[in-house]
Amino acid sequence: MAAPRHSAMLSISNNVGTPQSTSSDKTQIAQPQSPAQTPGLRVPSNRKTIYDRHLNRSRNAELSRASFAYLFAEMVTYAQRRVTGIQDLEKRLNEQGYPLGLRLLDLLFYRATSTSSSALSSSSTSSSPPNRPLRILALLHLIHGPLWRLLFQRSADALEHSVSPDTPNEYMITDNDPLVNTYISVPREMSMLNCAAYIAGVIEGVCDGCGFEAKVSAHNQPTEMWPSRTVFLVRFGDTVMEREKVLERQGVK
Amino acid sequence: MTVYSFYIFDRHAECIYKRRWLPRPTSVGGKPQTQAGLGQTVRAGDDDAKLVFGTVFSLRNMVRKLGGEEDNFVSYTTSQYKLHYYETPTNIKFVMLTDLKSPSMRIALQQIYINLFVEYVVKNPLSPVEHPGGVGVNNELFEGSLEQFVRDQATFR
Amino acid sequence: MSTNKASRIGEEIWKTRVDKVNAELVTLTYGTIVAQLCQDYNSDYQEVNKQLDKMGYNIGMRLIEDFLAKSGVGRCANFRETADMIAKVGFKIFLNVAPTVTNWTSDNNQFSLIFDDNPLADFVELPDDGRAQDELWFSNILCGVLRGSLEMVQVQIEAHFVSDVLRGDDTTEMRVSLVRYIEDEMPPEEE
């Protein structure tokens, strides 16, 4: 919900001046109606609204992990009813994560500036308030560190660049034990399925929101020690790679 | 101790999980292969689950009649085996058959419920909410952990 | 069991036996679920309410097992005890809130839960389309959760929201009514 917040988010992503930006099918997730800030909504007399309560109120709040598992389970079940196969299911989970990424990005920036601590240090190049990342590496560090900490209270386990010269646009973020897969036992016939596609969607939303067009997918890469180890493959679009070269030449970090 | 078999029944009185480790011995002197109800031949089919359910269901109702609504039986022993019983307030029934040397398995059954069933079946998004025909209970995480759990029980006692 | 005792049990379990996760992950995930439903059902809010209730029902059927496993509590002696158990133990260990139980009918078959805080609705503003505030019960999933979980312990209830701060009301209130107690199911007859 929170349509006005969401459209505000989209306008941020539109301001970055990257014409390739968000894919059109996804921007429709925003509620089309509701011009932001119109005073058409009724509010309680005690003014318990999102405008009156502090945005950091829930910053350190915790809820039961089981509650998340149940909601996530219903999300998966609901998605399963409307899809034809594993790929389709993952696509749908991805799409559900996408708007979350856009929102979390806003929250991350807000918190980074309001506390001016080192929360976003990886993306800030000076002591001034942290900026939106301009280069791929800064963006990936933002995801690997602050985003992961916001969601899972720890950093991701690895961040790698594809070693293949054919795919310089591919990056991998690894989570050894993704929270979303904690209770999932995938049946053999669906062994390709990784429900962390939801988190892949979140990452995609963060990338897009920053003006980095990307496709993100989740892949099972189990090891003996980490049976649900998941690699998030981030593939940036051509325009992002071109811009990256230009920024490199200009010495932008 | 030796664990012979293990059953889970849901609130619809259906057997949603069944697992056998070792054949349960039948009384000597009789004709083991033809003993109705307890012999091997019957257990080859589906019927042992129904028998077990009928037994624990009747016993539990009888116990409640005599001892009050909150009362329940924990186990019963025959000359051949011991049946252990644990029931949740949601009417899921856990049953384990062991040899006579076995200590009380009530806590063990409760732990199977709390640590295995709830964690790997109930919370698994890919497992349905209810389990007609046992669907969803027989997943790898649950079965693997159950196997391990039963093996540990057998080793340390 | 007294209300105070239920509160203590709830606090104790929440502190020592509940695996935690960032609240915002849960809140925002719920938000995306509701948003997805609104999109899939073209903002037919009646239908969205119904779907949320259905999802909640499914969750309730699972969640009750976790509730019993964590709390180890047995059957409640009466519906008043059930109400305290829901408010002070159930809501506490799954949503870290403890709504007030109030407005009992004289036959002790109906009560209200008043929520001072509702983590599901953090960060939420309903769409300003002239309808959502009149038609959508954003947290309707909770009604389904109660219905599903109580049915599993053989208590059939009906639950619905009567007010919500997201609609501009001063309180968020859910009304819960006892329908009946359910008998044990018998195995199907042989032959």
# chains A, B, ... in the order shown; residues from 1 in each chain; ligands from 1
$ residues_around --residues "stretch 49-51 of chain B" --least-positions-apart "4" --cutoff "8 Å" --atoms "only C-alpha atoms" --output "list in words"
Tyr7, Cys15, Lys18, Gly37 and Thr55 of chain B
$ write_last_selection --atoms "N, CA and C atoms" --output "mmCIF file, in the first residue's frame"
data_model
loop_
_atom_site.group_PDB
_atom_site.id
_atom_site.type_symbol
_atom_site.label_atom_id
_atom_site.label_comp_id
_atom_site.auth_asym_id
_atom_site.auth_seq_id
_atom_site.Cartn_x
_atom_site.Cartn_y
_atom_site.Cartn_z
ATOM 1 N N TYR B 7 4.168 -43.458 13.916
ATOM 2 C CA TYR B 7 2.994 -42.993 13.159
ATOM 3 C C TYR B 7 2.596 -41.590 13.575
ATOM 4 N N CYS B 15 -3.943 -41.324 8.875
ATOM 5 C CA CYS B 15 -2.514 -41.529 9.111
ATOM 6 C C CYS B 15 -1.749 -40.695 8.080
ATOM 7 N N LYS B 18 3.991 -42.570 8.322
ATOM 8 C CA LYS B 18 4.222 -43.901 8.871
ATOM 9 C C LYS B 18 5.639 -44.289 8.521
ATOM 10 N N GLY B 37 -3.945 -59.016 12.699
ATOM 11 C CA GLY B 37 -3.806 -57.787 13.481
ATOM 12 C C GLY B 37 -2.393 -57.489 13.900
ATOM 13 N N THR B 55 -6.853 -48.358 18.230
ATOM 14 C CA THR B 55 -6.430 -48.675 19.582
ATOM 15 C C THR B 55 -6.221 -47.421 20.430
#
$ interface_residues --of "chain B" --to "chain C" --cutoff "9 Å" --atoms "only C-alpha atoms" --output "list in words"
Arg11, His12, Ala13, Glu14, Lys50, Phe53, Gly54, Phe57, Glu70, Thr88, Pro89, Thr90, Asn91, Gln110, Gln111, Tyr113, Ile114, Asn115, Val118, Glu119, Val122, Lys123, Val129 and Glu130 of chain B
$ atom_distance --atom1 "atom CA of B:Phe9" --atom2 "atom CA of B:Val121"
13.8 Å
$ closest_residue --among "B:Ser58, B:Gly136, B:Leu97, B:Asp48" --to "chain A" --atoms "only C-alpha atoms"
B:Gly136
$ interface_residues --of "chain A" --to "chain B" --cutoff "8 Å" --atoms "only C-alpha atoms" --output "MDAnalysis selection string"
chainID A and resid 66 69:70 72:74 76:77 183:187
$ closest_residue --among "C:Glu125, C:Asp164, C:Glu11, C:Asp84" --to "chain A" --atoms "only C-alpha atoms"
C:Glu125
$ interface_residues --of "chain C" --to "chain A" --cutoff "6 Å" --atoms "only C-alpha atoms" --output "PyMOL selection string"
chain C and resi 19-23+25-26+31+35+59+94-95+123-128+165+168-170
$ residues_around --residues "C:Ala87" --least-positions-apart "3" --cutoff "6 Å" --atoms "only C-alpha atoms" --output "list of chain:residue names"
C:Asp84, C:Gly90, C:Phe91, C:Ala98, C:Pro99
$ write_last_selection --atoms "N, CA and C atoms" --output "PDB file, in the first residue's frame"
ATOM      1  N   ASP C  84      -7.892 -14.282  26.720  1.00  0.00           N
ATOM      2  CA  ASP C  84      -6.619 -13.846  27.306  1.00  0.00           C
ATOM      3  C   ASP C  84      -5.442 -14.544  26.636  1.00  0.00           C
ATOM      4  N   GLY C  90      -0.700 -15.313  22.425  1.00  0.00           N
ATOM      5  CA  GLY C  90      -0.631 -15.469  20.976  1.00  0.00           C
ATOM      6  C   GLY C  90      -0.107 -14.227  20.272  1.00  0.00           C
ATOM      7  N   PHE C  91      -0.790 -13.101  20.451  1.00  0.00           N
ATOM      8  CA  PHE C  91      -0.348 -11.872  19.785  1.00  0.00           C
ATOM      9  C   PHE C  91       1.035 -11.456  20.259  1.00  0.00           C
ATOM     10  N   ALA C  98       0.153  -6.800  22.698  1.00  0.00           N
ATOM     11  CA  ALA C  98      -0.818  -7.479  23.566  1.00  0.00           C
ATOM     12  C   ALA C  98      -2.094  -6.641  23.607  1.00  0.00           C
ATOM     13  N   PRO C  99      -2.988  -6.869  22.643  1.00  0.00           N
ATOM     14  CA  PRO C  99      -4.213  -6.076  22.589  1.00  0.00           C
ATOM     15  C   PRO C  99      -5.046  -6.241  23.861  1.00  0.00           C
TER      16      PRO C  99
END
$ residues_around --residues "A:Leu139" --least-positions-apart "5" --cutoff "10 Å" --atoms "only C-alpha atoms" --output "list of chain:residue names"
A:Ser122, A:Ser123, A:Arg132, A:Pro133, A:Leu134, A:His144, A:Gly145, A:Val206, A:Cys207, A:Cys210, A:Phe212
$ atom_distance --atom1 "atom CA of C:Ala132" --atom2 "atom CA of A:Leu93"
25.2 Å
$ select_by_dssp --residues "stretch 172-223 of chain A" --states "alpha helix (DSSP H)" --output "NGL selection string"
:A and (197-209)
$ atom_distance --atom1 "atom CA of A:Gly201" --atom2 "atom CA of A:Arg188"
24.2 Å
$ residues_around --residues "C:Ala6" --least-positions-apart "6" --cutoff "12 Å" --atoms "only C-alpha atoms" --output "list in words"
Glu12, Ile13, Ser71, Val73, Cys76, Arg80, Glu81, Thr82, Ala83, Asp84, Met85, Ile86, Ala87, Lys88, Val89, Gly90, Phe91, Lys92, Ile93 and Ala98 of chain C
$ decode --residues "stretch 111-152 of chain C" --atoms "N, CA and C atoms" --output "PDB file, in the first residue's frame"
ATOM      1  N   PHE C 111     -16.274 -10.814  22.539  1.00  0.00           N
ATOM      2  CA  PHE C 111     -15.415  -9.777  23.116  1.00  0.00           C
ATOM      3  C   PHE C 111     -14.748  -8.987  22.002  1.00  0.00           C
ATOM      4  N   SER C 112     -14.090  -7.893  22.388  1.00  0.00           N
ATOM      5  CA  SER C 112     -13.328  -7.098  21.425  1.00  0.00           C
ATOM      6  C   SER C 112     -11.853  -7.130  21.785  1.00  0.00           C
ATOM      7  N   LEU C 113     -11.028  -7.058  20.751  1.00  0.00           N
ATOM      8  CA  LEU C 113      -9.594  -6.853  20.942  1.00  0.00           C
ATOM      9  C   LEU C 113      -9.294  -5.440  20.459  1.00  0.00           C
ATOM     10  N   ILE C 114      -8.709  -4.630  21.342  1.00  0.00           N
ATOM     11  CA  ILE C 114      -8.338  -3.271  20.948  1.00  0.00           C
ATOM     12  C   ILE C 114      -6.823  -3.208  20.796  1.00  0.00           C
ATOM     13  N   PHE C 115      -6.389  -2.796  19.611  1.00  0.00           N
ATOM     14  CA  PHE C 115      -4.952  -2.758  19.325  1.00  0.00           C
ATOM     15  C   PHE C 115      -4.420  -1.342  19.464  1.00  0.00           C
ATOM     16  N   ASP C 116      -3.510  -1.139  20.428  1.00  0.00           N
ATOM     17  CA  ASP C 116      -2.846   0.149  20.522  1.00  0.00           C
ATOM     18  C   ASP C 116      -1.804   0.273  19.432  1.00  0.00           C
ATOM     19  N   ASP C 117      -1.248  -0.845  19.098  1.00  0.00           N
ATOM     20  CA  ASP C 117      -0.165  -0.888  18.139  1.00  0.00           C
ATOM     21  C   ASP C 117      -0.420  -2.047  17.197  1.00  0.00           C
ATOM     22  N   ASN C 118      -0.116  -1.861  15.939  1.00  0.00           N
ATOM     23  CA  ASN C 118      -0.314  -2.942  14.982  1.00  0.00           C
ATOM     24  C   ASN C 118       0.844  -2.951  13.994  1.00  0.00           C
ATOM     25  N   PRO C 119       1.819  -3.813  14.246  1.00  0.00           N
ATOM     26  CA  PRO C 119       3.031  -3.812  13.401  1.00  0.00           C
ATOM     27  C   PRO C 119       2.716  -4.038  11.928  1.00  0.00           C
ATOM     28  N   LEU C 120       1.640  -4.738  11.627  1.00  0.00           N
ATOM     29  CA  LEU C 120       1.325  -4.986  10.218  1.00  0.00           C
ATOM     30  C   LEU C 120       1.036  -3.689   9.483  1.00  0.00           C
ATOM     31  N   ALA C 121       0.547  -2.697  10.218  1.00  0.00           N
ATOM     32  CA  ALA C 121       0.106  -1.463   9.565  1.00  0.00           C
ATOM     33  C   ALA C 121       1.124  -0.330   9.655  1.00  0.00           C
ATOM     34  N   ASP C 122       2.308  -0.597  10.214  1.00  0.00           N
ATOM     35  CA  ASP C 122       3.361   0.416  10.202  1.00  0.00           C
ATOM     36  C   ASP C 122       3.669   0.789   8.763  1.00  0.00           C
ATOM     37  N   PHE C 123       3.996   2.026   8.505  1.00  0.00           N
ATOM     38  CA  PHE C 123       4.357   2.513   7.157  1.00  0.00           C
ATOM     39  C   PHE C 123       3.169   2.526   6.193  1.00  0.00           C
ATOM     40  N   VAL C 124       1.961   2.328   6.706  1.00  0.00           N
ATOM     41  CA  VAL C 124       0.851   2.166   5.762  1.00  0.00           C
ATOM     42  C   VAL C 124      -0.040   3.389   5.699  1.00  0.00           C
ATOM     43  N   GLU C 125      -0.402   3.748   4.472  1.00  0.00           N
ATOM     44  CA  GLU C 125      -1.484   4.686   4.252  1.00  0.00           C
ATOM     45  C   GLU C 125      -2.339   4.069   3.162  1.00  0.00           C
ATOM     46  N   LEU C 126      -3.625   4.023   3.366  1.00  0.00           N
ATOM     47  CA  LEU C 126      -4.489   3.393   2.372  1.00  0.00           C
ATOM     48  C   LEU C 126      -4.564   4.273   1.128  1.00  0.00           C
ATOM     49  N   PRO C 127      -4.825   3.662  -0.026  1.00  0.00           N
ATOM     50  CA  PRO C 127      -4.947   4.440  -1.261  1.00  0.00           C
ATOM     51  C   PRO C 127      -6.035   5.496  -1.117  1.00  0.00           C
ATOM     52  N   ASP C 128      -5.753   6.664  -1.619  1.00  0.00           N
ATOM     53  CA  ASP C 128      -6.708   7.762  -1.503  1.00  0.00           C
ATOM     54  C   ASP C 128      -7.632   7.750  -2.722  1.00  0.00           C
ATOM     55  N   ASP C 129      -8.410   6.696  -2.841  1.00  0.00           N
ATOM     56  CA  ASP C 129      -9.252   6.572  -4.028  1.00  0.00           C
ATOM     57  C   ASP C 129     -10.725   6.737  -3.688  1.00  0.00           C
ATOM     58  N   GLY C 130     -10.990   7.187  -2.485  1.00  0.00           N
ATOM     59  CA  GLY C 130     -12.379   7.413  -2.097  1.00  0.00           C
ATOM     60  C   GLY C 130     -13.108   6.144  -1.688  1.00  0.00           C
ATOM     61  N   ARG C 131     -12.442   4.993  -1.811  1.00  0.00           N
ATOM     62  CA  ARG C 131     -13.112   3.736  -1.465  1.00  0.00           C
ATOM     63  C   ARG C 131     -12.379   2.934  -0.408  1.00  0.00           C
ATOM     64  N   ALA C 132     -11.050   2.924  -0.525  1.00  0.00           N
ATOM     65  CA  ALA C 132     -10.263   2.036   0.338  1.00  0.00           C
ATOM     66  C   ALA C 132     -10.569   2.262   1.819  1.00  0.00           C
ATOM     67  N   GLN C 133     -10.701   3.515   2.212  1.00  0.00           N
ATOM     68  CA  GLN C 133     -10.937   3.783   3.638  1.00  0.00           C
ATOM     69  C   GLN C 133     -12.316   3.311   4.093  1.00  0.00           C
ATOM     70  N   ASP C 134     -13.225   3.079   3.155  1.00  0.00           N
ATOM     71  CA  ASP C 134     -14.545   2.591   3.527  1.00  0.00           C
ATOM     72  C   ASP C 134     -14.666   1.083   3.359  1.00  0.00           C
ATOM     73  N   GLU C 135     -13.811   0.503   2.524  1.00  0.00           N
ATOM     74  CA  GLU C 135     -14.030  -0.899   2.159  1.00  0.00           C
ATOM     75  C   GLU C 135     -12.921  -1.851   2.589  1.00  0.00           C
ATOM     76  N   LEU C 136     -11.686  -1.395   2.590  1.00  0.00           N
ATOM     77  CA  LEU C 136     -10.572  -2.312   2.854  1.00  0.00           C
ATOM     78  C   LEU C 136     -10.280  -2.423   4.353  1.00  0.00           C
ATOM     79  N   TRP C 137     -10.217  -3.669   4.835  1.00  0.00           N
ATOM     80  CA  TRP C 137      -9.693  -3.895   6.188  1.00  0.00           C
ATOM     81  C   TRP C 137      -8.266  -4.387   6.020  1.00  0.00           C
ATOM     82  N   PHE C 138      -7.334  -3.471   6.153  1.00  0.00           N
ATOM     83  CA  PHE C 138      -5.952  -3.773   5.803  1.00  0.00           C
ATOM     84  C   PHE C 138      -5.403  -4.978   6.570  1.00  0.00           C
ATOM     85  N   SER C 139      -5.738  -5.099   7.831  1.00  0.00           N
ATOM     86  CA  SER C 139      -5.159  -6.172   8.659  1.00  0.00           C
ATOM     87  C   SER C 139      -6.073  -7.380   8.758  1.00  0.00           C
ATOM     88  N   ASN C 140      -6.961  -7.532   7.783  1.00  0.00           N
ATOM     89  CA  ASN C 140      -7.977  -8.580   7.855  1.00  0.00           C
ATOM     90  C   ASN C 140      -7.397  -9.984   7.984  1.00  0.00           C
ATOM     91  N   ILE C 141      -6.137 -10.130   7.613  1.00  0.00           N
ATOM     92  CA  ILE C 141      -5.491 -11.441   7.728  1.00  0.00           C
ATOM     93  C   ILE C 141      -5.567 -11.950   9.175  1.00  0.00           C
ATOM     94  N   LEU C 142      -5.553 -11.003  10.126  1.00  0.00           N
ATOM     95  CA  LEU C 142      -5.552 -11.403  11.540  1.00  0.00           C
ATOM     96  C   LEU C 142      -6.846 -12.117  11.934  1.00  0.00           C
ATOM     97  N   CYS C 143      -7.976 -11.692  11.336  1.00  0.00           N
ATOM     98  CA  CYS C 143      -9.253 -12.370  11.620  1.00  0.00           C
ATOM     99  C   CYS C 143      -9.148 -13.833  11.199  1.00  0.00           C
ATOM    100  N   GLY C 144      -8.584 -14.045  10.016  1.00  0.00           N
ATOM    101  CA  GLY C 144      -8.429 -15.403   9.521  1.00  0.00           C
ATOM    102  C   GLY C 144      -7.498 -16.219  10.397  1.00  0.00           C
ATOM    103  N   VAL C 145      -6.443 -15.578  10.877  1.00  0.00           N
ATOM    104  CA  VAL C 145      -5.491 -16.297  11.733  1.00  0.00           C
ATOM    105  C   VAL C 145      -6.199 -16.814  12.990  1.00  0.00           C
ATOM    106  N   LEU C 146      -7.005 -15.962  13.597  1.00  0.00           N
ATOM    107  CA  LEU C 146      -7.727 -16.397  14.804  1.00  0.00           C
ATOM    108  C   LEU C 146      -8.687 -17.536  14.477  1.00  0.00           C
ATOM    109  N   ARG C 147      -9.413 -17.369  13.375  1.00  0.00           N
ATOM    110  CA  ARG C 147     -10.392 -18.379  12.996  1.00  0.00           C
ATOM    111  C   ARG C 147      -9.699 -19.727  12.747  1.00  0.00           C
ATOM    112  N   GLY C 148      -8.619 -19.702  11.976  1.00  0.00           N
ATOM    113  CA  GLY C 148      -7.910 -20.936  11.638  1.00  0.00           C
ATOM    114  C   GLY C 148      -7.288 -21.603  12.845  1.00  0.00           C
ATOM    115  N   SER C 149      -6.643 -20.800  13.679  1.00  0.00           N
ATOM    116  CA  SER C 149      -5.918 -21.423  14.784  1.00  0.00           C
ATOM    117  C   SER C 149      -6.892 -21.966  15.829  1.00  0.00           C
ATOM    118  N   LEU C 150      -7.992 -21.256  16.066  1.00  0.00           N
ATOM    119  CA  LEU C 150      -8.937 -21.745  17.067  1.00  0.00           C
ATOM    120  C   LEU C 150      -9.698 -22.971  16.573  1.00  0.00           C
ATOM    121  N   GLU C 151      -9.938 -23.001  15.277  1.00  0.00           N
ATOM    122  CA  GLU C 151     -10.625 -24.185  14.748  1.00  0.00           C
ATOM    123  C   GLU C 151      -9.800 -25.446  15.004  1.00  0.00           C
ATOM    124  N   MET C 152      -8.495 -25.308  14.940  1.00  0.00           N
ATOM    125  CA  MET C 152      -7.629 -26.458  15.160  1.00  0.00           C
ATOM    126  C   MET C 152      -7.689 -26.962  16.595  1.00  0.00           C
TER     127      MET C 152
END
